[in-house]
file final-v5.pdb (PDB, C-alpha atoms, pLDDT in the B column)
ATOM      1  CA  MET A   1       0.000   0.000   0.000  1.00 50.00           C
ATOM      2  CA  ASP A   2       2.874   2.441   0.553  1.00 55.00           C
ATOM      3  CA  ALA A   3       3.660   2.421  -3.161  1.00 60.00           C
ATOM      4  CA  GLU A   4       0.188   3.773  -3.936  1.00 76.00           C
ATOM      5  CA  ARG A   5       0.455   6.866  -1.724  1.00 81.00           C
ATOM      6  CA  GLU A   6       1.053  10.225  -3.338  1.00 79.00           C
ATOM      7  CA  PRO A   7       4.342  11.913  -2.363  1.00 79.00           C
ATOM      8  CA  VAL A   8       4.130  14.692   0.195  1.00 80.00           C
ATOM      9  CA  VAL A   9       4.799  18.124  -1.272  1.00 79.00           C
ATOM     10  CA  ASP A  10       6.071  20.901   0.952  1.00 80.00           C
ATOM     11  CA  ALA A  11       4.336  24.064  -0.298  1.00 78.00           C
ATOM     12  CA  GLU A  12       3.012  27.372   0.838  1.00 79.00           C
ATOM     13  CA  ILE A  13      -0.411  28.841   0.101  1.00 76.00           C
ATOM     14  CA  VAL A  14      -0.234  32.141  -1.770  1.00 69.00           C
ATOM     15  CA  ALA A  15      -3.157  34.563  -1.844  1.00 71.00           C
ATOM     16  CA  ASP A  16      -4.786  35.073  -5.263  1.00 70.00           C
ATOM     17  CA  ASP A  17      -4.351  38.847  -5.110  1.00 70.00           C
ATOM     18  CA  ALA A  18      -0.540  38.583  -4.769  1.00 57.00           C
ATOM     19  CA  PRO A  19       1.433  39.934  -7.757  1.00 58.00           C
ATOM     20  CA  ARG A  20       2.503  37.266 -10.215  1.00 62.00           C
ATOM     21  CA  HIS A  21       5.934  38.828 -10.753  1.00 62.00           C
ATOM     22  CA  ALA A  22       8.187  41.063  -8.745  1.00 62.00           C
ATOM     23  CA  VAL A  23       8.234  44.647 -10.014  1.00 55.00           C
ATOM     24  CA  PRO A  24      11.311  46.693  -9.047  1.00 58.00           C
ATOM     25  CA  ALA A  25      10.231  49.771  -7.139  1.00 65.00           C
ATOM     26  CA  GLY A  26      10.439  52.940  -9.184  1.00 72.00           C
ATOM     27  CA  ASP A  27      11.683  51.301 -12.375  1.00 81.00           C
ATOM     28  CA  TYR A  28       8.460  49.857 -13.748  1.00 82.00           C
ATOM     29  CA  GLY A  29       4.792  50.715 -13.537  1.00 80.00           C
ATOM     30  CA  GLU A  30       2.165  48.335 -12.189  1.00 79.00           C
ATOM     31  CA  ASP A  31       1.584  47.047 -15.722  1.00 81.00           C
ATOM     32  CA  GLY A  32       5.260  46.060 -16.073  1.00 81.00           C
ATOM     33  CA  VAL A  33       6.212  48.892 -18.448  1.00 88.00           C
ATOM     34  CA  PRO A  34       9.491  50.679 -17.657  1.00 88.00           C
ATOM     35  CA  THR A  35       9.220  54.307 -16.619  1.00 89.00           C
ATOM     36  CA  PHE A  36      10.664  57.099 -18.742  1.00 91.00           C
ATOM     37  CA  GLU A  37      13.267  57.853 -16.075  1.00 90.00           C
ATOM     38  CA  HIS A  38      14.401  54.218 -16.025  1.00 90.00           C
ATOM     39  CA  VAL A  39      14.799  54.116 -19.799  1.00 93.00           C
ATOM     40  CA  ARG A  40      16.602  57.484 -19.838  1.00 94.00           C
ATOM     41  CA  ASP A  41      18.989  56.344 -17.094  1.00 93.00           C
ATOM     42  CA  ARG A  42      19.794  53.122 -18.962  1.00 93.00           C
ATOM     43  CA  ILE A  43      20.484  55.019 -22.196  1.00 95.00           C
ATOM     44  CA  GLU A  44      22.654  57.600 -20.428  1.00 96.00           C
ATOM     45  CA  ASN A  45      24.572  54.797 -18.703  1.00 95.00           C
ATOM     46  CA  ARG A  46      25.243  53.035 -22.015  1.00 96.00           C
ATOM     47  CA  VAL A  47      26.374  56.270 -23.676  1.00 96.00           C
ATOM     48  CA  ALA A  48      28.706  57.071 -20.783  1.00 95.00           C
ATOM     49  CA  THR A  49      30.120  53.540 -20.862  1.00 95.00           C
ATOM     50  CA  GLY A  50      30.731  53.794 -24.610  1.00 94.00           C
ATOM     51  CA  ILE A  51      32.433  57.172 -24.324  1.00 94.00           C
ATOM     52  CA  GLY A  52      34.604  55.924 -21.465  1.00 92.00           C
ATOM     53  CA  ALA A  53      35.582  52.792 -23.380  1.00 90.00           C
ATOM     54  CA  GLU A  54      36.544  54.882 -26.412  1.00 87.00           C
ATOM     55  CA  GLU A  55      38.636  57.242 -24.291  1.00 88.00           C
ATOM     56  CA  LEU A  56      40.437  54.317 -22.678  1.00 85.00           C
ATOM     57  CA  ALA A  57      41.031  52.660 -26.034  1.00 81.00           C
ATOM     58  CA  ARG A  58      42.513  55.841 -27.514  1.00 81.00           C
ATOM     59  CA  ALA A  59      44.836  56.266 -24.543  1.00 83.00           C
ATOM     60  CA  THR A  60      46.730  53.019 -25.181  1.00 83.00           C
ATOM     61  CA  PRO A  61      49.937  52.968 -27.262  1.00 83.00           C
ATOM     62  CA  GLU A  62      48.435  50.297 -29.527  1.00 83.00           C
ATOM     63  CA  ALA A  63      45.509  52.547 -30.369  1.00 79.00           C
ATOM     64  CA  GLN A  64      47.830  55.458 -31.134  1.00 80.00           C
ATOM     65  CA  SER A  65      49.845  53.217 -33.437  1.00 86.00           C
ATOM     66  CA  VAL A  66      46.677  52.256 -35.309  1.00 85.00           C
ATOM     67  CA  GLU A  67      45.694  55.939 -35.591  1.00 83.00           C
ATOM     68  CA  ASP A  68      49.151  56.798 -36.972  1.00 89.00           C
ATOM     69  CA  ARG A  69      49.026  54.000 -39.545  1.00 92.00           C
ATOM     70  CA  PHE A  70      45.517  55.018 -40.591  1.00 93.00           C
ATOM     71  CA  GLU A  71      46.573  58.647 -41.036  1.00 94.00           C
ATOM     72  CA  ALA A  72      49.649  57.611 -43.059  1.00 95.00           C
ATOM     73  CA  ARG A  73      47.511  55.424 -45.317  1.00 96.00           C
ATOM     74  CA  ARG A  74      44.920  58.191 -45.745  1.00 97.00           C
ATOM     75  CA  GLN A  75      47.612  60.695 -46.673  1.00 97.00           C
ATOM     76  CA  ALA A  76      49.183  58.251 -49.150  1.00 97.00           C
ATOM     77  CA  GLY A  77      45.771  57.824 -50.785  1.00 96.00           C
ATOM     78  CA  LEU A  78      45.315  61.591 -51.077  1.00 96.00           C
ATOM     79  CA  ASP A  79      48.799  61.968 -52.562  1.00 96.00           C
ATOM     80  CA  LYS A  80      48.109  59.247 -55.132  1.00 96.00           C
ATOM     81  CA  LEU A  81      44.789  60.863 -56.031  1.00 96.00           C
ATOM     82  CA  GLU A  82      46.508  64.213 -56.584  1.00 95.00           C
ATOM     83  CA  GLU A  83      49.156  62.492 -58.727  1.00 94.00           C
ATOM     84  CA  ILE A  84      46.423  60.928 -60.884  1.00 94.00           C
ATOM     85  CA  ARG A  85      44.661  64.285 -61.244  1.00 94.00           C
ATOM     86  CA  ARG A  86      47.892  66.003 -62.305  1.00 92.00           C
ATOM     87  CA  SER A  87      48.611  63.310 -64.903  1.00 92.00           C
ATOM     88  CA  MET A  88      45.081  63.646 -66.320  1.00 93.00           C
ATOM     89  CA  ARG A  89      45.486  67.464 -66.620  1.00 89.00           C
ATOM     90  CA  GLY A  90      48.851  66.995 -68.296  1.00 84.00           C
ATOM     91  CA  ASP A  91      50.771  68.748 -65.511  1.00 75.00           C
ATOM     92  CA  ALA A  92      53.075  65.773 -65.007  1.00 59.00           C
TER      93      ALA A  92
END

call {"tool": "encode", "arguments": {"input": "final-v5.pdb", "output": "structure tokens"}}
result
Amino acid sequence: MDAEREPVVDAEIVADDAPRHAVPAGDYGEDGVPTFEHVRDRIENRVATGIGAEELARATPEAQSVEDRFEARRQAGLDKLEEIRRSMRGDA
């Protein structure tokens, strides 16, 4: 007969009017929609993080080396373009 018994479940009774999900105070309305202030704060935080990451990346020697190589390549391209323009005008 012991095999036919249902297992005992340890549970707690929850009132029907209790919220189904936890809503962080001040961040979301009762309907679960984030407040304007919460969204604005998240956006501002992401922008600040991005700006800080860019500033840190530019401060490293590796980043400066990449900037220097990029500028040298850009200048070489402009010089070549000017050379092509001169040859097409016949200024060679």

call {"tool": "atom_distance", "arguments": {"input": "final-v5.pdb", "atom1": "atom CA of A:Glu44", "atom2": "atom CA of A:Asp31"}}
result
24.0 Å

call {"tool": "closest_residue", "arguments": {"input": "final-v5.pdb", "among": "A:Glu12, A:Glu6, A:Asp68, A:Asp41", "to": "A:Asp27", "atoms": "all atoms listed in the file"}}
result
A:Asp41

call {"tool": "atom_distance", "arguments": {"input": "final-v5.pdb", "atom1": "atom CA of A:Gln64", "atom2": "atom CA of A:Asp79"}}
result
22.4 Å

call {"tool": "atom_distance", "arguments": {"input": "final-v5.pdb", "atom1": "atom CA of A:Phe70", "atom2": "atom CA of A:Gly52"}}
result
22.0 Å

call {"tool": "axis_aligned_box", "arguments": {"input": "final-v5.pdb", "around": "stretch 66-84 of chain A", "padding_each_side": "6 Å", "output": "lines of an AutoDock Vina configuration file"}}
result
center_x = 47.2
center_y = 58.2
center_z = -48.1
size_x = 16.9
size_y = 24.0
size_z = 37.6

call {"tool": "build_atoms", "arguments": {"input": "final-v5.pdb", "residues": "stretch 49-72 of chain A", "atoms": "N, CA, C and O atoms", "output": "mmCIF file, in the coordinates of the input"}}
result
data_model
loop_
_atom_site.group_PDB
_atom_site.id
_atom_site.type_symbol
_atom_site.label_atom_id
_atom_site.label_comp_id
_atom_site.auth_asym_id
_atom_site.auth_seq_id
_atom_site.Cartn_x
_atom_site.Cartn_y
_atom_site.Cartn_z
ATOM 1 N N THR A 49 29.228 54.696 -20.788
ATOM 2 C CA THR A 49 30.120 53.540 -20.862
ATOM 3 C C THR A 49 30.839 53.504 -22.201
ATOM 4 O O THR A 49 32.051 53.246 -22.266
ATOM 5 N N GLY A 50 30.120 53.783 -23.280
ATOM 6 C CA GLY A 50 30.731 53.794 -24.610
ATOM 7 C C GLY A 50 31.784 54.874 -24.750
ATOM 8 O O GLY A 50 32.867 54.640 -25.298
ATOM 9 N N ILE A 51 31.476 56.064 -24.256
ATOM 10 C CA ILE A 51 32.433 57.172 -24.324
ATOM 11 C C ILE A 51 33.675 56.842 -23.500
ATOM 12 O O ILE A 51 34.812 57.055 -23.945
ATOM 13 N N GLY A 52 33.475 56.290 -22.312
ATOM 14 C CA GLY A 52 34.604 55.924 -21.465
ATOM 15 C C GLY A 52 35.464 54.847 -22.106
ATOM 16 O O GLY A 52 36.703 54.919 -22.063
ATOM 17 N N ALA A 53 34.825 53.865 -22.720
ATOM 18 C CA ALA A 53 35.582 52.792 -23.380
ATOM 19 C C ALA A 53 36.396 53.342 -24.549
ATOM 20 O O ALA A 53 37.547 52.943 -24.762
ATOM 21 N N GLU A 54 35.816 54.280 -25.295
ATOM 22 C CA GLU A 54 36.544 54.882 -26.412
ATOM 23 C C GLU A 54 37.733 55.693 -25.908
ATOM 24 O O GLU A 54 38.830 55.620 -26.475
ATOM 25 N N GLU A 55 37.534 56.453 -24.845
ATOM 26 C CA GLU A 55 38.636 57.242 -24.291
ATOM 27 C C GLU A 55 39.765 56.347 -23.799
ATOM 28 O O GLU A 55 40.950 56.638 -24.018
ATOM 29 N N LEU A 56 39.408 55.250 -23.143
ATOM 30 C CA LEU A 56 40.437 54.317 -22.678
ATOM 31 C C LEU A 56 41.165 53.668 -23.846
ATOM 32 O O LEU A 56 42.385 53.495 -23.818
ATOM 33 N N ALA A 57 40.422 53.313 -24.875
ATOM 34 C CA ALA A 57 41.031 52.660 -26.034
ATOM 35 C C ALA A 57 41.997 53.605 -26.751
ATOM 36 O O ALA A 57 43.053 53.190 -27.217
ATOM 37 N N ARG A 58 41.643 54.871 -26.839
ATOM 38 C CA ARG A 58 42.513 55.841 -27.514
ATOM 39 C C ARG A 58 43.761 56.160 -26.697
ATOM 40 O O ARG A 58 44.768 56.610 -27.236
ATOM 41 N N ALA A 59 43.710 55.929 -25.410
ATOM 42 C CA ALA A 59 44.836 56.266 -24.543
ATOM 43 C C ALA A 59 45.957 55.234 -24.591
ATOM 44 O O ALA A 59 47.057 55.506 -24.135
ATOM 45 N N THR A 60 45.711 54.065 -25.156
ATOM 46 C CA THR A 60 46.730 53.019 -25.181
ATOM 47 C C THR A 60 47.709 53.255 -26.328
ATOM 48 O O THR A 60 47.352 53.819 -27.362
ATOM 49 N N PRO A 61 48.945 52.823 -26.185
ATOM 50 C CA PRO A 61 49.937 52.968 -27.262
ATOM 51 C C PRO A 61 49.522 52.214 -28.529
ATOM 52 O O PRO A 61 49.786 52.673 -29.635
ATOM 53 N N GLU A 62 48.877 51.068 -28.363
ATOM 54 C CA GLU A 62 48.435 50.297 -29.527
ATOM 55 C C GLU A 62 47.432 51.088 -30.346
ATOM 56 O O GLU A 62 47.471 51.089 -31.577
ATOM 57 N N ALA A 63 46.513 51.759 -29.665
ATOM 58 C CA ALA A 63 45.509 52.547 -30.369
ATOM 59 C C ALA A 63 46.159 53.718 -31.098
ATOM 60 O O ALA A 63 45.786 54.045 -32.222
ATOM 61 N N GLN A 64 47.143 54.343 -30.489
ATOM 62 C CA GLN A 64 47.830 55.458 -31.134
ATOM 63 C C GLN A 64 48.565 54.971 -32.370
ATOM 64 O O GLN A 64 48.588 55.645 -33.391
ATOM 65 N N SER A 65 49.154 53.792 -32.293
ATOM 66 C CA SER A 65 49.845 53.217 -33.437
ATOM 67 C C SER A 65 48.877 52.982 -34.593
ATOM 68 O O SER A 65 49.188 53.264 -35.750
ATOM 69 N N VAL A 66 47.696 52.490 -34.282
ATOM 70 C CA VAL A 66 46.677 52.256 -35.309
ATOM 71 C C VAL A 66 46.258 53.587 -35.924
ATOM 72 O O VAL A 66 46.118 53.709 -37.145
ATOM 73 N N GLU A 67 46.067 54.605 -35.093
ATOM 74 C CA GLU A 67 45.694 55.939 -35.591
ATOM 75 C C GLU A 67 46.783 56.472 -36.527
ATOM 76 O O GLU A 67 46.473 57.038 -37.575
ATOM 77 N N ASP A 68 48.047 56.306 -36.148
ATOM 78 C CA ASP A 68 49.151 56.798 -36.972
ATOM 79 C C ASP A 68 49.190 56.083 -38.318
ATOM 80 O O ASP A 68 49.379 56.712 -39.365
ATOM 81 N N ARG A 69 49.022 54.756 -38.292
ATOM 82 C CA ARG A 69 49.026 54.000 -39.545
ATOM 83 C C ARG A 69 47.852 54.399 -40.430
ATOM 84 O O ARG A 69 47.993 54.518 -41.651
ATOM 85 N N PHE A 70 46.683 54.612 -39.824
ATOM 86 C CA PHE A 70 45.517 55.018 -40.591
ATOM 87 C C PHE A 70 45.760 56.375 -41.253
ATOM 88 O O PHE A 70 45.456 56.572 -42.431
ATOM 89 N N GLU A 71 46.314 57.308 -40.500
ATOM 90 C CA GLU A 71 46.573 58.647 -41.036
ATOM 91 C C GLU A 71 47.601 58.581 -42.158
ATOM 92 O O GLU A 71 47.462 59.264 -43.184
ATOM 93 N N ALA A 72 48.637 57.757 -42.010
ATOM 94 C CA ALA A 72 49.649 57.611 -43.059
ATOM 95 C C ALA A 72 49.030 57.025 -44.321
ATOM 96 O O ALA A 72 49.313 57.485 -45.435
#
